[in-house]
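Structure data (PDB, C-alpha atoms, pLDDT in the B column) from protein-v1.pdb:
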ATOM      1  CA  GLY A 280       6.863   9.043 -27.395  1.00 73.00           C
ATOM      2  CA  GLU A 281       6.238   5.738 -25.688  1.00 80.00           C
ATOM      3  CA  ASN A 282       2.833   4.031 -25.744  1.00 87.00           C
ATOM      4  CA  VAL A 283       2.068   1.491 -23.012  1.00 93.00           C
ATOM      5  CA  GLU A 284      -1.008  -0.723 -23.268  1.00 95.00           C
ATOM      6  CA  GLN A 285      -2.205  -2.803 -20.346  1.00 97.00           C
ATOM      7  CA  HIS A 286      -4.639  -5.732 -20.251  1.00 96.00           C
ATOM      8  CA  PRO A 287      -7.026  -6.685 -18.840  1.00 97.00           C
ATOM      9  CA  SER A 288      -8.661  -3.594 -17.373  1.00 96.00           C
ATOM     10  CA  THR A 289     -10.376  -5.709 -14.714  1.00 97.00           C
ATOM     11  CA  LEU A 290      -9.502  -9.148 -13.373  1.00 97.00           C
ATOM     12  CA  SER A 291     -11.419 -11.200 -10.858  1.00 98.00           C
ATOM     13  CA  VAL A 292      -9.876 -14.343  -9.346  1.00 97.00           C
ATOM     14  CA  GLN A 293     -10.612 -16.703  -6.513  1.00 97.00           C
ATOM     15  CA  GLU A 294      -8.343 -16.549  -3.472  1.00 97.00           C
ATOM     16  CA  GLY A 295      -5.404 -18.894  -3.996  1.00 97.00           C
ATOM     17  CA  ASP A 296      -5.516 -18.682  -7.783  1.00 97.00           C
ATOM     18  CA  SER A 297      -2.896 -16.947  -9.914  1.00 98.00           C
ATOM     19  CA  ALA A 298      -3.328 -13.607 -11.652  1.00 98.00           C
ATOM     20  CA  VAL A 299      -1.518 -12.381 -14.754  1.00 98.00           C
ATOM     21  CA  ILE A 300      -1.469  -8.818 -16.070  1.00 98.00           C
ATOM     22  CA  LYS A 301       0.146  -7.994 -19.408  1.00 98.00           C
ATOM     23  CA  CYS A 302       1.627  -4.826 -20.872  1.00 97.00           C
ATOM     24  CA  THR A 303       3.060  -3.947 -24.252  1.00 97.00           C
ATOM     25  CA  TYR A 304       5.235  -0.982 -25.118  1.00 95.00           C
ATOM     26  CA  SER A 305       6.260   0.678 -28.344  1.00 92.00           C
ATOM     27  CA  ASP A 306       9.635   2.337 -27.791  1.00 88.00           C
ATOM     28  CA  SER A 307      12.529  -0.093 -28.160  1.00 87.00           C
ATOM     29  CA  ALA A 308      14.700   2.368 -26.198  1.00 86.00           C
ATOM     30  CA  SER A 309      12.702   1.735 -23.009  1.00 89.00           C
ATOM     31  CA  ASN A 310      14.902  -0.109 -20.547  1.00 88.00           C
ATOM     32  CA  TYR A 311      13.167  -0.106 -17.171  1.00 90.00           C
ATOM     33  CA  PHE A 312       9.756  -1.586 -16.373  1.00 94.00           C
ATOM     34  CA  PRO A 313       8.285  -1.087 -12.892  1.00 93.00           C
ATOM     35  CA  TRP A 314       4.968  -2.317 -11.543  1.00 96.00           C
ATOM     36  CA  TYR A 315       2.944  -0.324  -9.039  1.00 96.00           C
ATOM     37  CA  LYS A 316       0.068  -1.291  -6.754  1.00 97.00           C
ATOM     38  CA  GLN A 317      -2.432   1.407  -5.879  1.00 94.00           C
ATOM     39  CA  GLU A 318      -4.983   0.933  -3.146  1.00 93.00           C
ATOM     40  CA  LEU A 319      -8.065   3.105  -2.931  1.00 87.00           C
ATOM     41  CA  GLY A 320      -7.231   6.660  -1.905  1.00 82.00           C
ATOM     42  CA  LYS A 321      -3.474   6.042  -1.815  1.00 87.00           C
ATOM     43  CA  GLY A 322      -0.515   6.729  -4.048  1.00 90.00           C
ATOM     44  CA  PRO A 323       1.063   4.001  -6.210  1.00 93.00           C
ATOM     45  CA  GLN A 324       3.507   1.732  -4.398  1.00 93.00           C
ATOM     46  CA  LEU A 325       6.391   0.087  -6.243  1.00 92.00           C
ATOM     47  CA  ILE A 326       6.073  -3.691  -5.896  1.00 95.00           C
ATOM     48  CA  ILE A 327       8.586  -5.038  -8.392  1.00 95.00           C
ATOM     49  CA  ASP A 328      10.643  -3.865 -11.343  1.00 93.00           C
ATOM     50  CA  ILE A 329      12.779  -5.300 -14.105  1.00 93.00           C
ATOM     51  CA  ARG A 330      15.502  -3.917 -16.319  1.00 89.00           C
ATOM     52  CA  SER A 331      16.040  -4.702 -19.962  1.00 82.00           C
ATOM     53  CA  ASN A 332      19.071  -6.920 -19.375  1.00 83.00           C
ATOM     54  CA  VAL A 333      17.005  -9.421 -17.372  1.00 82.00           C
ATOM     55  CA  GLY A 334      14.247 -11.723 -18.592  1.00 90.00           C
ATOM     56  CA  GLU A 335      12.589 -12.578 -15.306  1.00 94.00           C
ATOM     57  CA  LYS A 336      12.565 -11.448 -11.701  1.00 94.00           C
ATOM     58  CA  LYS A 337      10.786 -12.934  -8.713  1.00 96.00           C
ATOM     59  CA  ASP A 338       9.983 -11.691  -5.220  1.00 94.00           C
ATOM     60  CA  GLN A 339       8.036 -14.174  -3.107  1.00 95.00           C
ATOM     61  CA  ARG A 340       4.570 -14.476  -4.707  1.00 97.00           C
ATOM     62  CA  ILE A 341       5.232 -11.818  -7.349  1.00 98.00           C
ATOM     63  CA  ALA A 342       7.173 -12.251 -10.567  1.00 97.00           C
ATOM     64  CA  VAL A 343       7.716 -10.167 -13.673  1.00 97.00           C
ATOM     65  CA  THR A 344       8.774 -11.413 -17.101  1.00 97.00           C
ATOM     66  CA  LEU A 345      10.114  -9.337 -19.979  1.00 96.00           C
ATOM     67  CA  ASN A 346      10.260 -10.165 -23.670  1.00 94.00           C
ATOM     68  CA  LYS A 347      12.225  -7.369 -25.324  1.00 92.00           C
ATOM     69  CA  THR A 348      11.874  -8.789 -28.798  1.00 92.00           C
ATOM     70  CA  ALA A 349       8.095  -8.789 -28.593  1.00 93.00           C
ATOM     71  CA  LYS A 350       8.064  -5.629 -26.432  1.00 94.00           C
ATOM     72  CA  HIS A 351       5.859  -7.014 -23.738  1.00 95.00           C
ATOM     73  CA  PHE A 352       6.154  -7.676 -20.030  1.00 97.00           C
ATOM     74  CA  SER A 353       3.868  -9.339 -17.527  1.00 98.00           C
ATOM     75  CA  LEU A 354       3.133  -9.382 -13.815  1.00 98.00           C
ATOM     76  CA  HIS A 355       2.387 -12.736 -12.222  1.00 98.00           C
ATOM     77  CA  ILE A 356       0.874 -13.051  -8.758  1.00 98.00           C
ATOM     78  CA  THR A 357       0.594 -16.558  -7.319  1.00 97.00           C
ATOM     79  CA  GLU A 358      -1.505 -17.744  -4.377  1.00 97.00           C
ATOM     80  CA  THR A 359      -3.544 -14.543  -4.444  1.00 97.00           C
ATOM     81  CA  GLN A 360      -4.927 -13.165  -1.208  1.00 97.00           C
ATOM     82  CA  PRO A 361      -7.774 -10.683  -0.578  1.00 96.00           C
ATOM     83  CA  GLU A 362      -5.202  -8.024   0.342  1.00 96.00           C
ATOM     84  CA  ASP A 363      -3.854  -8.252  -3.212  1.00 97.00           C
ATOM     85  CA  SER A 364      -7.062  -6.538  -4.362  1.00 97.00           C
ATOM     86  CA  ALA A 365      -6.050  -3.158  -5.798  1.00 97.00           C
ATOM     87  CA  VAL A 366      -5.307  -1.402  -9.085  1.00 96.00           C
ATOM     88  CA  TYR A 367      -2.012  -2.405 -10.679  1.00 98.00           C
ATOM     89  CA  PHE A 368      -0.118  -0.175 -13.103  1.00 96.00           C
ATOM     90  CA  CYS A 369       2.740  -1.080 -15.373  1.00 96.00           C
ATOM     91  CA  ALA A 370       5.153   1.533 -16.654  1.00 94.00           C
ATOM     92  CA  ALA A 371       7.945   1.777 -19.168  1.00 92.00           C
ATOM     93  CA  THR A 372      10.717   4.302 -19.103  1.00 86.00           C
ATOM     94  CA  GLY A 373      13.494   5.432 -21.306  1.00 70.00           C
ATOM     95  CA  PHE A 374      15.301   8.772 -21.290  1.00 66.00           C
ATOM     96  CA  ASN A 375      14.108   9.396 -17.703  1.00 66.00           C
ATOM     97  CA  LYS A 376      10.414   9.694 -18.560  1.00 77.00           C
ATOM     98  CA  PHE A 377       7.761   7.305 -17.253  1.00 84.00           C
ATOM     99  CA  TYR A 378       4.816   6.138 -19.328  1.00 89.00           C
ATOM    100  CA  PHE A 379       2.090   4.362 -17.396  1.00 92.00           C
ATOM    101  CA  GLY A 380      -0.446   1.820 -18.537  1.00 94.00           C
ATOM    102  CA  SER A 381      -4.116   2.457 -17.916  1.00 93.00           C
ATOM    103  CA  GLY A 382      -4.301   0.098 -14.932  1.00 95.00           C
ATOM    104  CA  THR A 383      -5.827  -3.265 -14.026  1.00 97.00           C
ATOM    105  CA  LYS A 384      -8.326  -3.539 -11.220  1.00 97.00           C
ATOM    106  CA  LEU A 385      -7.681  -6.879  -9.508  1.00 98.00           C
ATOM    107  CA  ASN A 386     -10.403  -8.325  -7.291  1.00 97.00           C
ATOM    108  CA  VAL A 387      -9.505 -11.373  -5.230  1.00 97.00           C
ATOM    109  CA  LYS A 388     -12.621 -13.099  -3.959  1.00 96.00           C
ATOM    110  CA  PRO A 389     -12.325 -14.895  -0.609  1.00 92.00           C
TER     111      PRO A 389
ATOM    112  CA  GLU B  54      10.893   3.838   6.163  1.00 68.00           C
ATOM    113  CA  ALA B  55      11.023   7.354   4.666  1.00 79.00           C
ATOM    114  CA  GLU B  56       8.006   8.460   2.652  1.00 90.00           C
ATOM    115  CA  VAL B  57       6.980  11.280   0.356  1.00 95.00           C
ATOM    116  CA  ALA B  58       4.655  13.666   2.188  1.00 96.00           C
ATOM    117  CA  GLN B  59       1.834  15.590   0.532  1.00 97.00           C
ATOM    118  CA  SER B  60      -0.758  18.040   1.792  1.00 97.00           C
ATOM    119  CA  PRO B  61      -3.596  18.553   1.828  1.00 97.00           C
ATOM    120  CA  ARG B  62      -4.918  15.046   1.248  1.00 96.00           C
ATOM    121  CA  TYR B  63      -8.255  16.373   0.026  1.00 96.00           C
ATOM    122  CA  LYS B  64      -9.237  19.733  -1.425  1.00 97.00           C
ATOM    123  CA  ILE B  65     -12.627  20.943  -2.571  1.00 97.00           C
ATOM    124  CA  THR B  66     -12.783  24.259  -4.363  1.00 97.00           C
ATOM    125  CA  GLU B  67     -15.018  26.192  -6.696  1.00 96.00           C
ATOM    126  CA  LYS B  68     -14.038  26.881 -10.270  1.00 95.00           C
ATOM    127  CA  SER B  69     -12.026  30.056 -10.830  1.00 96.00           C
ATOM    128  CA  GLN B  70     -10.465  29.784  -7.353  1.00 97.00           C
ATOM    129  CA  ALA B  71      -6.756  29.240  -6.754  1.00 97.00           C
ATOM    130  CA  VAL B  72      -5.443  26.039  -5.157  1.00 98.00           C
ATOM    131  CA  ALA B  73      -2.005  24.936  -4.060  1.00 98.00           C
ATOM    132  CA  PHE B  74      -0.535  21.553  -3.222  1.00 98.00           C
ATOM    133  CA  TRP B  75       2.610  20.858  -1.262  1.00 98.00           C
ATOM    134  CA  CYS B  76       5.084  17.989  -1.505  1.00 97.00           C
ATOM    135  CA  ASP B  77       8.052  17.046   0.675  1.00 97.00           C
ATOM    136  CA  PRO B  78      10.174  14.355  -1.011  1.00 96.00           C
ATOM    137  CA  ILE B  79      12.209  11.667   0.674  1.00 94.00           C
ATOM    138  CA  SER B  80      15.299  13.218   2.204  1.00 92.00           C
ATOM    139  CA  GLY B  81      18.216  13.265  -0.213  1.00 89.00           C
ATOM    140  CA  HIS B  82      16.118  12.731  -3.312  1.00 91.00           C
ATOM    141  CA  ALA B  83      17.216  15.183  -5.988  1.00 90.00           C
ATOM    142  CA  THR B  84      14.469  14.435  -8.487  1.00 91.00           C
ATOM    143  CA  LEU B  85      10.850  15.403  -7.878  1.00 94.00           C
ATOM    144  CA  TYR B  86       7.828  14.784 -10.075  1.00 94.00           C
ATOM    145  CA  TRP B  87       4.255  16.028 -10.132  1.00 97.00           C
ATOM    146  CA  TYR B  88       1.674  13.792 -11.794  1.00 96.00           C
ATOM    147  CA  ARG B  89      -2.047  14.136 -12.467  1.00 96.00           C
ATOM    148  CA  GLN B  90      -4.166  11.007 -12.290  1.00 94.00           C
ATOM    149  CA  ILE B  91      -7.714  11.078 -13.587  1.00 92.00           C
ATOM    150  CA  LEU B  92      -9.983   8.415 -12.101  1.00 87.00           C
ATOM    151  CA  GLY B  93      -9.545   5.119 -13.942  1.00 85.00           C
ATOM    152  CA  GLN B  94      -6.334   6.138 -15.689  1.00 89.00           C
ATOM    153  CA  GLY B  95      -2.630   5.953 -15.080  1.00 90.00           C
ATOM    154  CA  PRO B  96      -0.627   8.931 -13.811  1.00 92.00           C
ATOM    155  CA  GLU B  97       0.459  11.532 -16.358  1.00 92.00           C
ATOM    156  CA  LEU B  98       3.581  13.616 -15.775  1.00 92.00           C
ATOM    157  CA  LEU B  99       3.038  17.338 -15.319  1.00 96.00           C
ATOM    158  CA  VAL B 100       6.519  18.511 -14.325  1.00 95.00           C
ATOM    159  CA  GLN B 101       9.889  17.068 -13.335  1.00 92.00           C
ATOM    160  CA  PHE B 102      12.535  18.815 -11.228  1.00 93.00           C
ATOM    161  CA  GLN B 103      16.198  18.022 -10.803  1.00 90.00           C
ATOM    162  CA  ASP B 104      17.140  19.887  -7.625  1.00 92.00           C
ATOM    163  CA  GLU B 105      15.566  23.323  -8.137  1.00 93.00           C
ATOM    164  CA  SER B 106      15.588  23.232 -11.933  1.00 93.00           C
ATOM    165  CA  VAL B 107      12.721  22.209 -14.184  1.00 93.00           C
ATOM    166  CA  VAL B 108      13.778  19.312 -16.402  1.00 89.00           C
ATOM    167  CA  ASP B 109      10.470  18.670 -18.159  1.00 90.00           C
ATOM    168  CA  ASP B 110       7.259  20.688 -18.062  1.00 93.00           C
ATOM    169  CA  SER B 111       6.072  19.933 -21.571  1.00 91.00           C
ATOM    170  CA  GLN B 112       2.716  18.598 -20.326  1.00 91.00           C
ATOM    171  CA  LEU B 113       2.081  21.344 -17.785  1.00 95.00           C
ATOM    172  CA  PRO B 114      -0.789  23.691 -18.803  1.00 94.00           C
ATOM    173  CA  LYS B 115       1.249  26.791 -18.188  1.00 93.00           C
ATOM    174  CA  ASP B 116      -1.619  29.216 -18.611  1.00 95.00           C
ATOM    175  CA  ARG B 117      -3.051  28.051 -15.279  1.00 97.00           C
ATOM    176  CA  PHE B 118      -0.538  25.716 -13.642  1.00 97.00           C
ATOM    177  CA  SER B 119       2.754  26.625 -12.027  1.00 97.00           C
ATOM    178  CA  ALA B 120       5.269  24.642 -10.019  1.00 97.00           C
ATOM    179  CA  GLU B 121       8.316  25.600  -8.018  1.00 96.00           C
ATOM    180  CA  ARG B 122      10.999  23.969  -5.943  1.00 95.00           C
ATOM    181  CA  LEU B 123      12.908  27.000  -4.736  1.00 85.00           C
ATOM    182  CA  LYS B 124      15.506  25.367  -2.457  1.00 88.00           C
ATOM    183  CA  GLY B 125      15.612  22.043  -4.213  1.00 85.00           C
ATOM    184  CA  VAL B 126      13.760  20.287  -1.414  1.00 92.00           C
ATOM    185  CA  ASP B 127       9.986  20.673  -1.055  1.00 95.00           C
ATOM    186  CA  SER B 128       7.757  21.776  -3.898  1.00 97.00           C
ATOM    187  CA  THR B 129       4.467  23.544  -4.530  1.00 97.00           C
ATOM    188  CA  LEU B 130       2.065  23.033  -7.427  1.00 98.00           C
ATOM    189  CA  LYS B 131      -0.476  25.780  -8.012  1.00 98.00           C
ATOM    190  CA  ILE B 132      -3.576  26.025 -10.173  1.00 97.00           C
ATOM    191  CA  GLN B 133      -5.102  29.423 -10.890  1.00 97.00           C
ATOM    192  CA  PRO B 134      -7.892  29.562 -11.846  1.00 96.00           C
ATOM    193  CA  ALA B 135      -9.161  26.034 -11.240  1.00 97.00           C
ATOM    194  CA  GLU B 136     -11.508  24.540 -13.828  1.00 96.00           C
ATOM    195  CA  LEU B 137     -13.987  21.676 -13.566  1.00 96.00           C
ATOM    196  CA  GLY B 138     -11.709  19.462 -15.659  1.00 95.00           C
ATOM    197  CA  ASP B 139      -8.913  19.800 -13.104  1.00 97.00           C
ATOM    198  CA  SER B 140     -10.686  17.432 -10.725  1.00 97.00           C
ATOM    199  CA  ALA B 141      -8.209  14.599 -10.269  1.00 96.00           C
ATOM    200  CA  MET B 142      -5.621  13.085  -7.949  1.00 95.00           C
ATOM    201  CA  TYR B 143      -2.353  15.020  -7.895  1.00 97.00           C
ATOM    202  CA  LEU B 144       0.591  12.810  -7.075  1.00 97.00           C
ATOM    203  CA  CYS B 145       4.112  13.747  -6.108  1.00 97.00           C
ATOM    204  CA  ALA B 146       7.010  11.338  -6.518  1.00 95.00           C
ATOM    205  CA  SER B 147      10.729  11.567  -5.827  1.00 93.00           C
ATOM    206  CA  GLY B 148      13.848   9.707  -6.837  1.00 89.00           C
ATOM    207  CA  TYR B 149      17.563   9.472  -6.191  1.00 83.00           C
ATOM    208  CA  ARG B 150      20.052  11.579  -8.073  1.00 70.00           C
ATOM    209  CA  GLY B 151      21.191   9.625 -11.097  1.00 61.00           C
ATOM    210  CA  ARG B 152      18.416   7.079 -10.633  1.00 58.00           C
ATOM    211  CA  THR B 153      15.513   8.885 -12.208  1.00 57.00           C
ATOM    212  CA  ASP B 154      14.027   5.553 -13.214  1.00 69.00           C
ATOM    213  CA  THR B 155      13.148   4.736  -9.589  1.00 81.00           C
ATOM    214  CA  GLN B 156      10.234   6.770  -8.289  1.00 88.00           C
ATOM    215  CA  TYR B 157       8.524   6.702  -4.917  1.00 91.00           C
ATOM    216  CA  PHE B 158       5.048   8.174  -4.714  1.00 94.00           C
ATOM    217  CA  GLY B 159       3.306  10.131  -2.012  1.00 96.00           C
ATOM    218  CA  PRO B 160      -0.324   9.534  -0.975  1.00 94.00           C
ATOM    219  CA  GLY B 161      -1.642  12.218  -3.342  1.00 96.00           C
ATOM    220  CA  THR B 162      -4.054  15.129  -3.073  1.00 96.00           C
ATOM    221  CA  ARG B 163      -7.590  14.511  -4.268  1.00 95.00           C
ATOM    222  CA  LEU B 164      -8.895  17.722  -5.868  1.00 97.00           C
ATOM    223  CA  THR B 165     -12.577  18.295  -6.523  1.00 97.00           C
ATOM    224  CA  VAL B 166     -13.570  21.412  -8.441  1.00 97.00           C
ATOM    225  CA  LEU B 167     -17.251  22.363  -8.155  1.00 96.00           C
TER     226      LEU B 167
END
Can the structure from this file be put into structure tokens for me?
Amino acid sequence: GENVEQHPSTLSVQEGDSAVIKCTYSDSASNYFPWYKQELGKGPQLIIDIRSNVGEKKDQRIAVTLNKTAKHFSLHITETQPEDSAVYFCAATGFNKFYFGSGTKLNVKP
Amino acid sequence: EAEVAQSPRYKITEKSQAVAFWCDPISGHATLYWYRQILGQGPELLVQFQDESVVDDSQLPKDRFSAERLKGVDSTLKIQPAELGDSAMYLCASGYRGRTDTQYFGPGTRLTVL
């Protein structure tokens, strides 16, 4: 099966700085890579996703890049705000099954 | 905006007792998933339904866990008997027919087994 590794496990940035979270995957058949934000006591919320035929996707302050050759993808958050503080999960899916990373706890200091 | 509903939000039980969780997916979503999330980890799939049929339950501990989606709409996940190691967040997610790679999660049920 797929193996998704996520780094770092914790990330602390100053408000206004950028944050980058990286994930690697093992199964070359994986073709869809969503990112979820999970706030304390809540379920994961889809914030952005990318498919294997695209190298980059951007939505306001959030962007995701995909390198299929190297099997890694990254989440980029610019101009971070305190409300961006949460746990972020990457996932990879192929054959209709999701495999989640272990999560990154992002702390944005005001 | 439509959301996945789950109840209860919190459940405290003693080991060896039975517990049940309920999920109501977004209207029109044919695919429904139950995940278990241990604190500090990512969600792990327990069972996946397509309409009322089980598509994948390979990670479901079938000696104590059961799941059903009788009319292809809402779903129930049951644990009997509960064990200390079952303490976790139980998440339900749903997706469109033919778009099983897009999942929308509910708020989860936090289970504590004493």
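Note that the spacing between atom CA of B:Leu164 and atom CA of A:Pro287 amounts to 27.7 Å.
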**Report entry** Given the PyMOL selection byres ((chain B and resi 78-94) around 8), the residues it picks as an MDAnalysis selection string
**Finding:** (chainID A and resid 380:382) or (chainID B and resid 55:58 76:77 95:104 125:127 130 140:150 153)
Report task. Within 6 Å of A:His355, counting only C-alpha atoms, which residues show up once you throw out same-chain ones fewer than 6 positions away? Write them as a ChimeraX atom specification, please. Result -> /A:298-299,341-342
Requested in this report: Measuring atom to atom with only C-alpha atoms, identify which of B:Gln59, B:Gln70, B:Thr129, B:Ser106 is nearest to chain A.
Outcome: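 Ranked by minimum distance to chain A, first place goes to B:Gln59.
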Requested in this report: Any chance you could resolve the PyMOL selection byres ((chain A) within 8 of (chain B)) against this file and give the residues as a list in words?
Outcome: Tyr311, Gly320, Lys321, Gly322, Pro323, Gln324, Leu325, Phe368, Thr372, Asn375, Lys376, Phe377, Tyr378, Phe379, Gly380, Ser381 and Gly382 of chain A
Reconstruct stretch 362-375 of chain A at the level of N, CA, C and O atoms, and format the result as a short mmCIF file (atom, residue, chain, number, x, y, z; two decimals), in the frame of the given file.
data_model
loop_
_atom_site.label_atom_id
_atom_site.label_comp_id
_atom_site.auth_asym_id
_atom_site.auth_seq_id
_atom_site.Cartn_x
_atom_site.Cartn_y
_atom_site.Cartn_z
N GLU A 362 -5.95 -9.29 0.23
CA GLU A 362 -5.20 -8.02 0.34
C GLU A 362 -4.44 -7.67 -0.93
O GLU A 362 -3.88 -6.58 -1.04
N ASP A 363 -4.44 -8.57 -1.91
CA ASP A 363 -3.85 -8.25 -3.21
C ASP A 363 -4.83 -7.42 -4.06
O ASP A 363 -4.44 -6.88 -5.10
N SER A 364 -6.07 -7.32 -3.63
CA SER A 364 -7.06 -6.54 -4.36
C SER A 364 -6.65 -5.07 -4.40
O SER A 364 -6.43 -4.45 -3.36
N ALA A 365 -6.52 -4.53 -5.60
CA ALA A 365 -6.05 -3.16 -5.80
C ALA A 365 -6.02 -2.90 -7.31
O ALA A 365 -6.36 -3.77 -8.11
N VAL A 366 -5.57 -1.71 -7.68
CA VAL A 366 -5.31 -1.40 -9.09
C VAL A 366 -3.81 -1.50 -9.32
O VAL A 366 -3.02 -0.96 -8.54
N TYR A 367 -3.42 -2.21 -10.34
CA TYR A 367 -2.01 -2.40 -10.68
C TYR A 367 -1.68 -1.65 -11.97
O TYR A 367 -2.42 -1.74 -12.95
N PHE A 368 -0.57 -0.93 -11.94
CA PHE A 368 -0.12 -0.18 -13.10
C PHE A 368 1.25 -0.68 -13.54
O PHE A 368 2.15 -0.86 -12.70
N CYS A 369 1.41 -0.85 -14.83
CA CYS A 369 2.74 -1.08 -15.37
C CYS A 369 3.25 0.26 -15.90
O CYS A 369 2.49 1.20 -16.11
N ALA A 370 4.55 0.33 -16.09
CA ALA A 370 5.15 1.53 -16.65
C ALA A 370 6.39 1.14 -17.44
O ALA A 370 7.00 0.09 -17.18
N ALA A 371 6.72 1.97 -18.39
CA ALA A 371 7.94 1.78 -19.17
C ALA A 371 8.67 3.11 -19.18
O ALA A 371 8.05 4.17 -19.24
N THR A 372 9.97 3.05 -19.12
CA THR A 372 10.72 4.30 -19.10
C THR A 372 12.00 4.21 -19.91
O THR A 372 12.68 3.19 -19.92
N GLY A 373 12.25 5.25 -20.61
CA GLY A 373 13.49 5.43 -21.31
C GLY A 373 13.74 6.93 -21.32
O GLY A 373 12.81 7.72 -21.31
N PHE A 374 14.98 7.34 -21.29
CA PHE A 374 15.30 8.77 -21.29
C PHE A 374 14.63 9.50 -20.12
O PHE A 374 14.18 10.63 -20.25
N ASN A 375 14.55 8.78 -18.96
CA ASN A 375 14.11 9.40 -17.70
C ASN A 375 12.65 9.81 -17.67
O ASN A 375 12.26 10.61 -16.82
#
